[in-house]
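K.L.:
What follows is the file start.csv, containing CSV, C-alpha atoms:
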chain,number,residue,atom,x,y,z
S,1,MET,CA,7.2,-76.7,-17.7
S,2,GLN,CA,5.2,-75.3,-14.8
S,3,ILE,CA,6.3,-72.0,-13.4
S,4,TRP,CA,7.0,-73.3,-9.9
S,5,LYS,CA,9.3,-76.0,-11.4
S,6,LYS,CA,11.2,-73.3,-13.3
S,7,ASN,CA,11.5,-71.3,-10.1
S,8,PHE,CA,12.7,-74.5,-8.3
S,9,LEU,CA,15.4,-75.1,-10.9
S,10,SER,CA,16.7,-71.5,-10.8
S,11,THR,CA,16.6,-71.4,-7.0
S,12,TYR,CA,18.3,-74.7,-6.7
S,13,ALA,CA,21.0,-73.6,-9.2
S,14,LEU,CA,21.6,-70.6,-7.0
S,15,PHE,CA,21.9,-72.8,-4.0
S,16,LEU,CA,24.4,-75.0,-5.8
S,17,VAL,CA,26.6,-72.0,-6.7
S,18,VAL,CA,26.5,-70.9,-3.1
S,19,ILE,CA,27.2,-74.3,-1.7
S,20,TYR,CA,30.1,-75.3,-4.0
S,21,GLY,CA,31.4,-71.8,-4.1
S,22,GLY,CA,31.6,-71.8,-0.3
S,23,LEU,CA,33.2,-75.2,-0.3
S,24,LEU,CA,35.7,-74.1,-2.9
S,25,PHE,CA,36.6,-71.0,-1.0
S,26,LEU,CA,37.0,-73.0,2.2
S,27,GLU,CA,39.2,-75.5,0.5
S,28,SER,CA,41.3,-72.8,-1.0
S,29,TYR,CA,41.6,-71.0,2.3
S,30,ILE,CA,42.6,-74.1,4.2
S,31,SER,CA,45.1,-75.2,1.5
S,32,GLN,CA,46.8,-71.8,1.5
S,33,ASN,CA,47.2,-71.9,5.3
S,34,GLU,CA,48.6,-75.4,5.1
S,35,MET,CA,51.0,-74.3,2.4
S,36,LYS,CA,52.2,-71.3,4.5
S,37,GLN,CA,52.7,-73.6,7.5
S,38,TRP,CA,54.6,-76.1,5.4
S,39,ILE,CA,56.8,-73.4,3.9
S,40,ARG,CA,57.5,-72.0,7.4
S,41,HIS,CA,58.5,-75.4,8.7
S,42,ALA,CA,60.6,-76.1,5.6
S,43,ARG,CA,62.3,-72.7,6.0
S,44,ASN,CA,63.3,-73.5,9.5
S,45,ASN,CA,64.8,-76.8,8.4
S,46,GLU,CA,66.7,-75.1,5.5
S,47,GLU,CA,68.0,-72.4,7.9
S,48,SER,CA,69.3,-75.0,10.3
S,49,ILE,CA,71.2,-76.7,7.5
S,50,PHE,CA,72.5,-73.4,6.2
S,51,TYR,CA,73.8,-72.3,9.7
S,52,LEU,CA,75.5,-75.7,10.1
S,53,ALA,CA,77.2,-75.3,6.7
S,54,ALA,CA,78.2,-71.7,7.5
S,55,GLY,CA,79.9,-73.0,10.7
S,56,LEU,CA,81.9,-75.5,8.7
S,57,LYS,CA,83.5,-72.9,6.5
S,58,ASP,CA,86.4,-72.2,8.8
S,59,GLU,CA,86.9,-75.8,9.8
S,60,GLU,CA,88.5,-78.7,8.1
S,61,LEU,CA,85.7,-79.4,5.5
S,62,SER,CA,86.5,-83.1,4.8
S,63,ARG,CA,86.3,-83.9,8.5
S,64,MET,CA,83.5,-81.7,9.7
S,65,SER,CA,81.2,-82.2,6.7
S,66,MET,CA,80.4,-85.7,8.0
S,67,ASN,CA,78.0,-84.1,10.4
S,68,LEU,CA,76.3,-82.2,7.6
S,69,GLN,CA,76.0,-85.4,5.5
S,70,SER,CA,74.6,-87.3,8.4
S,71,ALA,CA,71.9,-84.6,8.9
S,72,ALA,CA,71.2,-84.6,5.1
S,73,LYS,CA,70.7,-88.4,5.1
S,74,LYS,CA,68.1,-88.1,7.9
S,75,TYR,CA,66.3,-85.5,5.9
S,76,LEU,CA,66.4,-87.8,2.8
S,77,ASP,CA,64.6,-90.5,4.8
S,78,MET,CA,61.8,-88.0,5.4
S,79,GLY,CA,61.5,-87.2,1.7
S,80,ILE,CA,63.7,-84.1,1.8
S,81,GLN,CA,66.6,-83.7,-0.6
S,82,VAL,CA,69.5,-81.4,0.2
S,83,ARG,CA,72.6,-80.1,-1.6
S,84,VAL,CA,75.2,-78.0,0.3
S,85,ARG,CA,78.0,-76.2,-1.5
S,86,ILE,CA,80.7,-74.3,0.4
S,87,GLU,CA,82.6,-72.2,-2.2
S,88,THR,CA,83.6,-75.0,-4.7
S,89,TYR,CA,83.4,-77.9,-2.2
S,90,ILE,CA,80.2,-80.0,-2.2
S,91,ALA,CA,79.7,-80.8,1.4
S,92,ALA,CA,76.6,-82.9,0.9
S,93,ASP,CA,74.7,-83.8,-2.2
S,94,TYR,CA,71.4,-85.8,-1.9
S,95,LEU,CA,69.6,-83.8,-4.5
S,96,GLN,CA,68.2,-86.5,-6.9
S,97,ALA,CA,65.8,-84.3,-8.8
S,98,GLU,CA,66.9,-81.8,-11.4
S,99,PHE,CA,65.6,-78.3,-10.6
S,100,THR,CA,66.4,-75.1,-12.5
S,101,GLU,CA,67.6,-72.2,-10.6
S,102,GLY,CA,64.7,-69.8,-10.0
S,103,LYS,CA,63.1,-68.1,-7.0
S,104,ALA,CA,64.2,-68.4,-3.5
S,105,VAL,CA,61.0,-70.3,-2.6
S,106,GLU,CA,58.9,-72.0,-5.3
S,107,ILE,CA,56.8,-75.1,-6.1
S,108,SER,CA,58.3,-77.3,-8.8
S,109,THR,CA,57.2,-80.6,-10.4
S,110,TRP,CA,59.6,-83.5,-11.1
S,111,LYS,CA,58.4,-86.9,-12.3
S,112,GLY,CA,54.8,-86.1,-11.6
S,113,GLU,CA,55.4,-85.1,-8.0
S,114,ARG,CA,55.4,-81.7,-6.5
S,115,TYR,CA,58.4,-80.3,-4.5
S,116,LEU,CA,58.9,-77.3,-2.3
S,117,ILE,CA,62.2,-75.8,-3.4
S,118,ILE,CA,64.1,-73.4,-1.2
S,119,GLN,CA,67.4,-72.0,-2.5
S,120,GLU,CA,69.7,-69.8,-0.4
S,121,GLU,CA,73.1,-68.4,-1.3
S,122,GLN,CA,75.1,-66.0,0.9
S,123,ASP,CA,78.5,-64.6,1.2
S,124,VAL,CA,79.8,-65.8,4.6
S,125,GLY,CA,83.2,-64.4,5.6
S,126,GLY,CA,84.3,-63.9,2.0
S,127,GLY,CA,83.1,-67.3,0.8
S,128,ILE,CA,79.9,-68.5,-0.8
S,129,VAL,CA,77.6,-70.9,1.0
S,130,GLU,CA,74.8,-72.3,-1.0
S,131,VAL,CA,72.0,-74.6,0.2
S,132,ILE,CA,69.3,-76.2,-2.1
S,133,TYR,CA,66.4,-77.7,-0.1
S,134,ALA,CA,63.8,-79.8,-1.9
S,135,GLU,CA,60.9,-81.3,0.1
S,136,ASN,CA,58.4,-83.7,-1.4
S,137,LEU,CA,54.8,-82.5,-1.1
S,138,LYS,CA,53.2,-85.9,-1.6
S,139,GLU,CA,51.9,-86.1,1.9
S,140,LEU,CA,50.4,-82.6,1.7
S,141,SER,CA,48.9,-83.3,-1.8
S,142,GLN,CA,47.3,-86.5,-0.5
S,143,ALA,CA,45.8,-84.7,2.5
S,144,GLN,CA,44.4,-82.0,0.2
S,145,GLN,CA,43.0,-84.6,-2.2
S,146,LYS,CA,41.3,-86.4,0.6
S,147,ARG,CA,39.8,-83.2,1.9
S,148,THR,CA,38.7,-82.2,-1.6
S,149,LEU,CA,37.0,-85.6,-2.0
S,150,PHE,CA,35.3,-85.2,1.4
S,151,PHE,CA,34.1,-81.7,0.4
S,152,CYS,CA,32.7,-83.0,-2.9
S,153,ILE,CA,30.9,-85.9,-1.1
S,154,ALA,CA,29.6,-83.5,1.6
S,155,GLY,CA,28.5,-81.0,-1.1
S,156,LEU,CA,26.6,-83.7,-3.0
S,157,ILE,CA,24.8,-84.9,0.1
S,158,PHE,CA,24.1,-81.4,1.3
S,159,SER,CA,22.9,-80.2,-2.1
S,160,GLY,CA,20.8,-83.3,-2.5
S,161,LEU,CA,19.1,-82.7,0.9
S,162,ILE,CA,18.6,-79.1,0.0
S,163,GLY,CA,17.2,-80.0,-3.4
S,164,ILE,CA,14.7,-82.5,-1.9
S,165,PHE,CA,13.6,-80.1,0.8
S,166,LEU,CA,13.3,-77.2,-1.6
S,167,TYR,CA,11.4,-79.3,-4.2
S,168,TYR,CA,8.8,-80.6,-1.7
S,169,THR,CA,8.5,-77.2,0.0
S,170,MET,CA,7.8,-75.4,-3.3
S,171,ARG,CA,5.5,-78.1,-4.5
S,172,ARG,CA,3.6,-77.9,-1.2
S,173,ILE,CA,3.3,-74.2,-1.5
S,174,ASN,CA,2.2,-74.4,-5.1
S,175,ARG,CA,-0.3,-77.3,-4.7
S,176,PRO,CA,-2.9,-75.3,-2.7
S,177,VAL,CA,-2.6,-72.5,-5.3
S,178,ASN,CA,-3.6,-75.0,-8.0
S,179,GLN,CA,-6.4,-76.4,-5.9
S,180,ILE,CA,-7.7,-73.0,-5.1
S,181,ALA,CA,-7.5,-71.9,-8.7
S,182,HIS,CA,-9.7,-74.8,-9.7
S,183,GLU,CA,-12.1,-73.9,-6.8
S,184,LEU,CA,-12.3,-70.3,-8.0
S,185,ARG,CA,-12.8,-71.2,-11.6
S,186,THR,CA,-16.2,-73.0,-10.9
S,187,PRO,CA,-18.0,-70.1,-9.3
S,188,LEU,CA,-16.4,-67.5,-11.7
S,189,THR,CA,-17.6,-69.6,-14.7
S,190,GLY,CA,-21.1,-69.8,-13.2
S,191,ILE,CA,-21.2,-66.0,-12.6
S,192,ARG,CA,-20.0,-65.2,-16.1
S,193,GLY,CA,-22.3,-67.8,-17.8
S,194,TYR,CA,-25.5,-66.6,-16.0
S,195,ALA,CA,-24.6,-63.0,-16.4
S,196,GLU,CA,-24.3,-63.5,-20.2
S,197,TYR,CA,-27.6,-65.4,-20.1
S,198,ILE,CA,-29.3,-62.4,-18.5
S,199,MET,CA,-27.6,-60.0,-21.0
S,200,MET,CA,-29.4,-61.9,-23.8
S,201,GLY,CA,-32.6,-60.1,-22.8
S,202,LYS,CA,-36.3,-61.0,-23.2
S,203,LEU,CA,-36.2,-63.6,-20.5
S,204,ALA,CA,-39.2,-64.7,-18.4
S,205,GLU,CA,-39.3,-63.5,-14.8
S,206,GLU,CA,-38.8,-67.1,-13.6
S,207,ASP,CA,-35.7,-67.4,-15.8
S,208,LEU,CA,-34.3,-64.1,-14.5
S,209,PHE,CA,-34.9,-65.1,-10.9
S,210,PHE,CA,-33.2,-68.5,-11.5
S,211,ALA,CA,-30.2,-66.9,-13.2
S,212,ALA,CA,-29.9,-64.3,-10.4
S,213,LYS,CA,-30.1,-67.0,-7.8
S,214,GLN,CA,-27.3,-69.0,-9.5
S,215,ILE,CA,-25.1,-65.9,-9.6
S,216,VAL,CA,-25.7,-65.3,-5.9
S,217,ASP,CA,-24.9,-68.9,-5.0
S,218,SER,CA,-21.7,-68.7,-7.1
S,219,ALA,CA,-20.8,-65.5,-5.4
S,220,LYS,CA,-21.3,-67.1,-2.0
S,221,SER,CA,-19.1,-70.0,-3.0
S,222,LEU,CA,-16.5,-67.6,-4.2
S,223,GLU,CA,-16.7,-65.7,-0.9
S,224,ASP,CA,-16.3,-69.0,1.0
S,225,VAL,CA,-13.1,-69.8,-0.9
S,226,THR,CA,-11.6,-66.4,-0.4
S,227,GLY,CA,-12.5,-66.5,3.3
S,228,LYS,CA,-10.7,-69.8,3.7
S,229,LEU,CA,-7.7,-68.3,1.9
S,230,LEU,CA,-7.6,-65.4,4.4
S,231,ILE,CA,-7.9,-67.8,7.3
S,232,MET,CA,-5.1,-69.9,6.0
S,233,GLY,CA,-2.9,-66.8,5.6
S,234,ASN,CA,-3.6,-65.7,9.1
S,235,VAL,CA,-2.9,-69.1,10.6
S,236,ARG,CA,0.5,-69.4,8.7
S,237,GLU,CA,1.5,-65.9,9.8
S,238,GLY,CA,0.6,-66.6,13.4
S,239,ALA,CA,-2.1,-63.9,13.5
S,240,ILE,CA,-4.4,-65.7,15.9
S,241,LYS,CA,-6.1,-64.4,19.1
S,242,ILE,CA,-6.5,-66.9,21.9
S,243,ARG,CA,-9.5,-66.0,24.0
S,244,ARG,CA,-12.2,-67.7,26.1
S,245,ILE,CA,-14.9,-68.8,23.6
S,246,ASN,CA,-18.4,-70.1,24.1
S,247,VAL,CA,-18.4,-73.6,22.6
S,248,LYS,CA,-22.1,-74.1,23.0
S,249,LYS,CA,-22.7,-70.9,20.9
S,250,LEU,CA,-20.5,-72.3,18.2
S,251,PHE,CA,-22.5,-75.5,18.2
S,252,ARG,CA,-25.8,-73.7,18.0
S,253,GLU,CA,-24.6,-71.8,14.9
S,254,LEU,CA,-23.3,-75.1,13.5
S,255,GLU,CA,-26.7,-76.7,14.1
S,256,ALA,CA,-28.5,-73.8,12.4
S,257,LYS,CA,-26.4,-74.2,9.3
S,258,TYR,CA,-26.6,-78.0,9.3
S,259,PRO,CA,-30.0,-79.0,10.8
S,260,ASP,CA,-29.6,-82.6,9.9
S,261,VAL,CA,-26.5,-83.0,11.9
S,262,ARG,CA,-26.7,-84.5,15.4
S,263,ILE,CA,-25.0,-82.3,18.0
S,264,ASP,CA,-23.7,-83.2,21.4
S,265,CYS,CA,-21.7,-80.6,23.2
S,266,CYS,CA,-20.5,-81.5,26.7
S,267,ILE,CA,-18.3,-78.4,27.4
S,268,ASP,CA,-19.2,-74.8,27.8
S,269,PHE,CA,-16.0,-72.9,27.2
S,270,LEU,CA,-12.7,-73.3,25.5
S,271,ASN,CA,-9.6,-71.2,25.0
S,272,GLY,CA,-8.9,-70.5,21.3
S,273,ASP,CA,-9.5,-68.2,18.4
S,274,GLU,CA,-13.3,-68.2,17.9
S,275,THR,CA,-13.1,-67.5,14.1
S,276,LEU,CA,-10.6,-70.3,13.5
S,277,VAL,CA,-12.4,-72.8,15.7
S,278,SER,CA,-15.6,-72.1,14.0
S,279,CYS,CA,-13.9,-72.6,10.6
S,280,LEU,CA,-12.5,-75.9,11.9
S,281,LEU,CA,-15.9,-77.2,13.0
S,282,GLU,CA,-17.6,-76.0,9.8
S,283,ASN,CA,-15.0,-77.6,7.5
S,284,LEU,CA,-15.0,-80.9,9.3
S,285,THR,CA,-18.8,-81.0,9.4
S,286,GLY,CA,-19.2,-80.0,5.8
S,287,ASN,CA,-16.7,-82.6,4.7
S,288,ALA,CA,-18.6,-85.3,6.6
S,289,MET,CA,-22.0,-84.2,5.2
S,290,ARG,CA,-20.7,-84.6,1.6
S,291,VAL,CA,-19.8,-88.2,2.1
S,292,GLY,CA,-22.2,-89.6,4.7
S,293,ASN,CA,-26.0,-89.8,5.2
S,294,GLN,CA,-25.6,-89.5,9.0
S,295,VAL,CA,-23.3,-87.1,10.7
S,296,LYS,CA,-22.7,-86.5,14.4
S,297,VAL,CA,-20.5,-83.8,16.0
S,298,THR,CA,-19.4,-84.2,19.6
S,299,ALA,CA,-17.4,-82.1,21.9
S,300,ASP,CA,-16.0,-83.0,25.3
S,301,GLU,CA,-13.0,-82.2,27.5
S,302,THR,CA,-10.7,-84.3,25.3
S,303,GLY,CA,-11.6,-82.8,21.9
S,304,PHE,CA,-13.9,-82.5,18.9
S,305,TYR,CA,-15.3,-85.6,17.1
S,306,VAL,CA,-17.0,-85.5,13.8
S,307,TRP,CA,-18.4,-88.9,12.7
S,308,ASN,CA,-20.1,-90.0,9.5
S,309,ASP,CA,-21.4,-93.2,8.1
S,310,GLY,CA,-20.0,-92.8,4.6
S,311,GLU,CA,-17.7,-95.0,2.7
S,312,THR,CA,-14.7,-96.3,4.6
S,313,LEU,CA,-11.4,-94.7,3.8
S,314,ASP,CA,-8.8,-96.6,1.9
S,315,LYS,CA,-5.9,-97.5,4.3
S,316,ARG,CA,-3.3,-95.9,2.0
S,317,LEU,CA,-5.4,-92.7,1.8
S,318,LEU,CA,-6.0,-92.7,5.6
S,319,ARG,CA,-2.2,-93.0,6.2
S,320,ALA,CA,-1.6,-90.1,3.8
S,321,ILE,CA,-4.2,-87.9,5.6
S,322,ASN,CA,-2.8,-88.6,9.0
S,323,ARG,CA,0.8,-88.0,7.8
S,324,GLY,CA,-0.3,-84.5,6.8
S,325,GLN,CA,-0.2,-84.9,3.0
S,326,ASP,CA,-2.3,-81.9,2.1
S,327,SER,CA,-2.9,-83.0,-1.5
S,328,LEU,CA,-5.2,-85.8,-0.4
S,329,ASP,CA,-8.3,-85.7,1.7
S,330,ILE,CA,-11.3,-87.8,2.5
S,331,HIS,CA,-13.1,-86.7,-0.6
S,332,GLY,CA,-10.5,-88.1,-3.0
S,333,GLY,CA,-8.9,-84.7,-3.7
S,334,LYS,CA,-11.8,-82.3,-3.7
S,335,HIS,CA,-11.4,-79.2,-1.5
S,336,GLY,CA,-8.0,-80.5,-0.4
S,337,TYR,CA,-7.0,-77.2,1.0
S,338,GLY,CA,-9.9,-77.5,3.5
S,339,ILE,CA,-8.2,-80.4,5.3
S,340,GLN,CA,-5.0,-78.4,5.3
S,341,ILE,CA,-6.7,-75.4,6.9
S,342,CYS,CA,-8.2,-77.7,9.6
S,343,ARG,CA,-4.8,-79.2,10.3
S,344,GLU,CA,-3.0,-75.8,10.6
S,345,ILE,CA,-5.8,-74.4,12.8
S,346,ALA,CA,-5.3,-77.4,15.1
S,347,LEU,CA,-1.5,-77.1,15.2
S,348,ALA,CA,-1.8,-73.3,15.9
S,349,HIS,CA,-3.8,-74.2,19.0
S,350,GLY,CA,-1.5,-77.0,20.1
S,351,TRP,CA,-4.1,-79.7,19.1
S,352,LYS,CA,-3.8,-82.8,17.0
S,353,LEU,CA,-6.0,-83.6,14.0
S,354,PHE,CA,-6.3,-87.2,12.7
S,355,TYR,CA,-8.8,-89.6,11.2
S,356,GLN,CA,-10.1,-93.1,12.1
S,357,SER,CA,-12.0,-95.2,9.7
S,358,THR,CA,-13.4,-98.7,9.9
S,359,GLU,CA,-16.3,-100.5,8.2
S,360,LYS,CA,-18.0,-101.3,11.5
S,361,GLU,CA,-17.7,-97.8,13.1
S,362,GLY,CA,-17.5,-95.5,10.1
S,363,THR,CA,-15.2,-92.5,9.7
S,364,THR,CA,-14.4,-90.1,12.5
S,365,ALA,CA,-12.3,-86.9,12.3
S,366,ILE,CA,-10.7,-86.4,15.8
S,367,CYS,CA,-9.3,-83.1,17.0
S,368,ARG,CA,-7.6,-84.0,20.2
S,369,PHE,CA,-6.9,-81.1,22.7
S,370,LYS,CA,-4.2,-83.0,24.7
Translate the structure of the given file into C-alpha cells.
P.N.:
Amino acid sequence: MQIWKKNFLSTYALFLVVIYGGLLFLESYISQNEMKQWIRHARNNEESIFYLAAGLKDEELSRMSMNLQSAAKKYLDMGIQVRVRIETYIAADYLQAEFTEGKAVEISTWKGERYLIIQEEQDVGGGIVEVIYAENLKELSQAQQKRTLFFCIAGLIFSGLIGIFLYYTMRRINRPVNQIAHELRTPLTGIRGYAEYIMMGKLAEEDLFFAAKQIVDSAKSLEDVTGKLLIMGNVREGAIKIRRINVKKLFRELEAKYPDVRIDCCIDFLNGDETLVSCLLENLTGNAMRVGNQVKVTADETGFYVWNDGETLDKRLLRAINRGQDSLDIHGGKHGYGIQICREIALAHGWKLFYQSTEKEGTTAICRFK
C-alpha cells in the first residue's frame, strides 16, 4: 500500500474517532439534561400528590380520598402510576407494575419498559404518609432513540463527505510528488550514467565532450524541474509580488528561447508577478512546441493565447483539463505538474486558464484576464 494511502487511513480513522466521539458526547449531554428535566417535572407531580395526601390525613379518609383517586386516574391516563398509603389505609392504588423498594429516585425496568420511580415516605402529624410514583419513560426513550438514529445518519453522511474530501485532497497533494519524482529520475539517471562513463577512463576527446554535454543538459533539466517546484510552492503560499511588468520584454525573451514561434504582442504593460508570468508563458509555449509544428503566441488586452497545429485533443481529455484535473494535460500525462503550475499562476492573478481544441482551428491555450 502506498504511503499516502496509509496516511489517509490513519487520518480518516482519527476523524472518525473525533466525529463519533463528539456525537456520542453530545447525545450523552442532551440525554442527561432531558432526564434531569424529566425528573424535576416528575418530582413536582409527586409532591403535589403527597401534599394532597397529607391534607387528607385529618379528614374523613373514605370521603376525601375520592379527590385523590380522581387525580391518580388522570395521571394513569398519562402513563403515570400512583399508589398512596396513609398509615394503613390505601387511599389510591393504580400501581400496576411491581417495583422493589429502593432509592428515593431511580430508573427501573418492568416488562421491557423503563419507569422513573419516586418513593416518598414521611411522618406527618404522627402518621405515616407514603407515595409511590412511577412514570413510564417510553416517550423519552423514543425521542432519544430517534435522536441517536439521526446522529448516526448525520455521522455517516458527515464522515463520508470528510472521507471523500480527505481522499481526493491527499491524492491531489501526492500526485504531483509522484510526477515530479519521475521527472527528477530521468536527469539524475543521465547524470549518473555519463559520470560513470567518464570514470571508465581512456576516452576520446569527442566522447568526453559528448558525455560532459549530456551531464550539463541533464543538470539543466534538473534545474528546470526544481525551479518549477519552487514556483509552485511560492504560488500556493501566496508569496507573489504584483508589479507593473513589461510584457514586450517578456515576449522578446520568449522569442529568443523559441525562435520558431510566431510572436504577436499588442500590449506594453501588465500588472502581475514578472517571474510567474514568464513561467506561465514559457510553460504554455513549451507544451505547444512539443505537440505542434507551428506555434503562435498572442497577447492583447483580453489575455494570452498560445495556439498550435498539433493533434486535436480528445473531448474527454479537454473536459478534464478545463475542470482542473491536474493529473492530465495536453501531452497525455507528461509534465502534468506544468499545467497545474500554469493554472495556479493564473488563479493567483485572478485570471482564468482554459483550452479550446477543434480539428479546423487547432488547439489554443487561453489565459483570460477578465
K.L.:
Can you tell me which residues surround Ser278 in chain S at a distance of at most 9 Å, considering only C-alpha atoms, apart from same-chain residues fewer than 6 positions away, and format the answer as number ranges by chain?
P.N.:
S: 250-251, 254
K.L.:
For Lys296 in chain S, which of S:Phe150, S:Tyr258, S:Tyr133, S:Tyr115 is the closest residue, counting all atoms listed in the file?
P.N.:
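Ranking S:Phe150, S:Tyr258, S:Tyr133, S:Tyr115 by distance to Lys296 in chain S, first place goes to S:Tyr258.
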K.L.:
Once you count only C-alpha atoms, what closest atom pair and distance in Å to one decimal does each residue of range 294-322 of chain S within 8 Å of range 344-360 of chain S have, with rows by chain and rising residue number, as CSV?
P.N.:
residue,atom,partner,partner_atom,distance
S:Glu311,CA,S:Glu359,CA,7.9
S:Thr312,CA,S:Glu359,CA,5.8
S:Leu313,CA,S:Ser357,CA,6.0
S:Leu318,CA,S:Tyr355,CA,7.0
S:Ile321,CA,S:Phe354,CA,7.4
S:Asn322,CA,S:Phe354,CA,5.3
K.L.:
Can those selected residues be exported to a file as a PDB file, in the coordinates of the input so that it contains C-alpha atoms?
P.N.:
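In the end it all went to part-v3.pdb:
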ATOM      1  CA  GLU S 311     -17.700 -95.000   2.700  1.00  0.00           C
ATOM      2  CA  THR S 312     -14.700 -96.300   4.600  1.00  0.00           C
ATOM      3  CA  LEU S 313     -11.400 -94.700   3.800  1.00  0.00           C
ATOM      4  CA  LEU S 318      -6.000 -92.700   5.600  1.00  0.00           C
ATOM      5  CA  ILE S 321      -4.200 -87.900   5.600  1.00  0.00           C
ATOM      6  CA  ASN S 322      -2.800 -88.600   9.000  1.00  0.00           C
TER       7      ASN S 322
END
K.L.:
Between CA of Glu301 in chain S and CA of Asp264 in chain S, measure the distance and give it in Å to one decimal.
P.N.:
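Result for CA of Glu301 in chain S versus CA of Asp264 in chain S: 12.4 Å, one decimal.
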K.L.:
I'd like to know which of S:Glu135, S:Glu196, S:Glu47, S:Asp77 is closest to Glu120 in chain S, using all atoms listed in the file.
P.N.:
S:Glu47
K.L.:
Nearest to Glu106 in chain S among S:Val261, S:Met199, S:Met35, S:Val247, with distances taken over all atoms listed in the file: which residue is it?
P.N.:
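Closest candidate: S:Met35.
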K.L.:
Pick the closest to Leu23 in chain S from S:Cys152, S:Ile80, S:Leu276, S:Ala365: which is it, counting all atoms listed in the file?
P.N.:
S:Cys152
K.L.:
Hey, can you check how far CA of Ser70 in chain S sits from CA of Glu130 in chain S?
P.N.:
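Computing the Euclidean distance for CA of Ser70 in chain S and CA of Glu130 in chain S yields 17.7 Å.
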K.L.:
Suppose you want the space between CA of Ala134 in chain S and CA of Glu34 in chain S; what is it in Å?
P.N.:
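Spanning CA of Ala134 in chain S to CA of Glu34 in chain S is a straight-line distance of 17.3 Å.
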K.L.:
Would you list the residues near (70.0, -86.0, 0.9), meaning any protein, DNA or RNA residue with an atom at most 7 Å from that point in file coordinates, counting only C-alpha atoms, as an NGL selection string?
P.N.:
:S and (72-73 or 75-76 or 80-83 or 93-95)
K.L.:
For Leu161 in chain S, which residue out of S:Val124, S:Met200, S:Leu317, S:Leu16 is the nearest one, using only C-alpha atoms?
P.N.:
S:Leu16
K.L.:
Nearest to Glu139 in chain S: which of S:Glu113, S:Glu98, S:Asp300, S:Asp273 is it, counting only C-alpha atoms?
P.N.:
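Using only C-alpha atoms, the shortest distance to Glu139 in chain S belongs to S:Glu113.
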K.L.:
Counting all atoms listed in the file, note down every residue that has an atom within 10 Å of the point (-13.7, -78.0, 13.1) (file coordinates), as a PDB file with C-alpha atoms, keeping the file's coordinate frame.
P.N.:
ATOM      1  CA  LEU S 276     -10.600 -70.300  13.500  1.00  0.00           C
ATOM      2  CA  VAL S 277     -12.400 -72.800  15.700  1.00  0.00           C
ATOM      3  CA  SER S 278     -15.600 -72.100  14.000  1.00  0.00           C
ATOM      4  CA  CYS S 279     -13.900 -72.600  10.600  1.00  0.00           C
ATOM      5  CA  LEU S 280     -12.500 -75.900  11.900  1.00  0.00           C
ATOM      6  CA  LEU S 281     -15.900 -77.200  13.000  1.00  0.00           C
ATOM      7  CA  GLU S 282     -17.600 -76.000   9.800  1.00  0.00           C
ATOM      8  CA  ASN S 283     -15.000 -77.600   7.500  1.00  0.00           C
ATOM      9  CA  LEU S 284     -15.000 -80.900   9.300  1.00  0.00           C
ATOM     10  CA  THR S 285     -18.800 -81.000   9.400  1.00  0.00           C
ATOM     11  CA  GLY S 286     -19.200 -80.000   5.800  1.00  0.00           C
ATOM     12  CA  VAL S 297     -20.500 -83.800  16.000  1.00  0.00           C
ATOM     13  CA  PHE S 304     -13.900 -82.500  18.900  1.00  0.00           C
ATOM     14  CA  TYR S 305     -15.300 -85.600  17.100  1.00  0.00           C
ATOM     15  CA  VAL S 306     -17.000 -85.500  13.800  1.00  0.00           C
ATOM     16  CA  ILE S 339      -8.200 -80.400   5.300  1.00  0.00           C
ATOM     17  CA  ILE S 341      -6.700 -75.400   6.900  1.00  0.00           C
ATOM     18  CA  CYS S 342      -8.200 -77.700   9.600  1.00  0.00           C
ATOM     19  CA  ARG S 343      -4.800 -79.200  10.300  1.00  0.00           C
ATOM     20  CA  ILE S 345      -5.800 -74.400  12.800  1.00  0.00           C
ATOM     21  CA  ALA S 346      -5.300 -77.400  15.100  1.00  0.00           C
ATOM     22  CA  LEU S 353      -6.000 -83.600  14.000  1.00  0.00           C
ATOM     23  CA  ALA S 365     -12.300 -86.900  12.300  1.00  0.00           C
ATOM     24  CA  ILE S 366     -10.700 -86.400  15.800  1.00  0.00           C
ATOM     25  CA  CYS S 367      -9.300 -83.100  17.000  1.00  0.00           C
TER      26      CYS S 367
END
K.L.:
Just the residues within 12 Å of Tyr51 in chain S, please, counting all atoms listed in the file, with nothing from its chain fewer than 2 positions along; format it as a list in words.
P.N.:
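Residues meeting the cut-off are Asn44, Asn45, Glu46, Glu47, Ser48, Ile49, Ala53, Ala54, Gly55, Leu56, Lys57, Leu68, Val84, Ile86, Glu120, Glu121, Gln122, Val124, Val129, Glu130 and Val131 of chain S.
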K.L.:
Val105 in chain S: which residues within 8 Å, counting only C-alpha atoms, same-chain residues fewer than 5 positions away excluded, as a list of chain:residue names?
P.N.:
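Final neighbour list, sorted by chain and number: S:Leu116, S:Ile117, S:Ile118, S:Gln119.
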K.L.:
Store the residues of this selection in a file with C-alpha atoms, as a compact mmCIF listing (two decimals), keeping the file's coordinate frame.
P.N.:
# COMPACT_ATOMS: atom_id res chain seq x y z
CA LEU S 116 58.90 -77.30 -2.30
CA ILE S 117 62.20 -75.80 -3.40
CA ILE S 118 64.10 -73.40 -1.20
CA GLN S 119 67.40 -72.00 -2.50
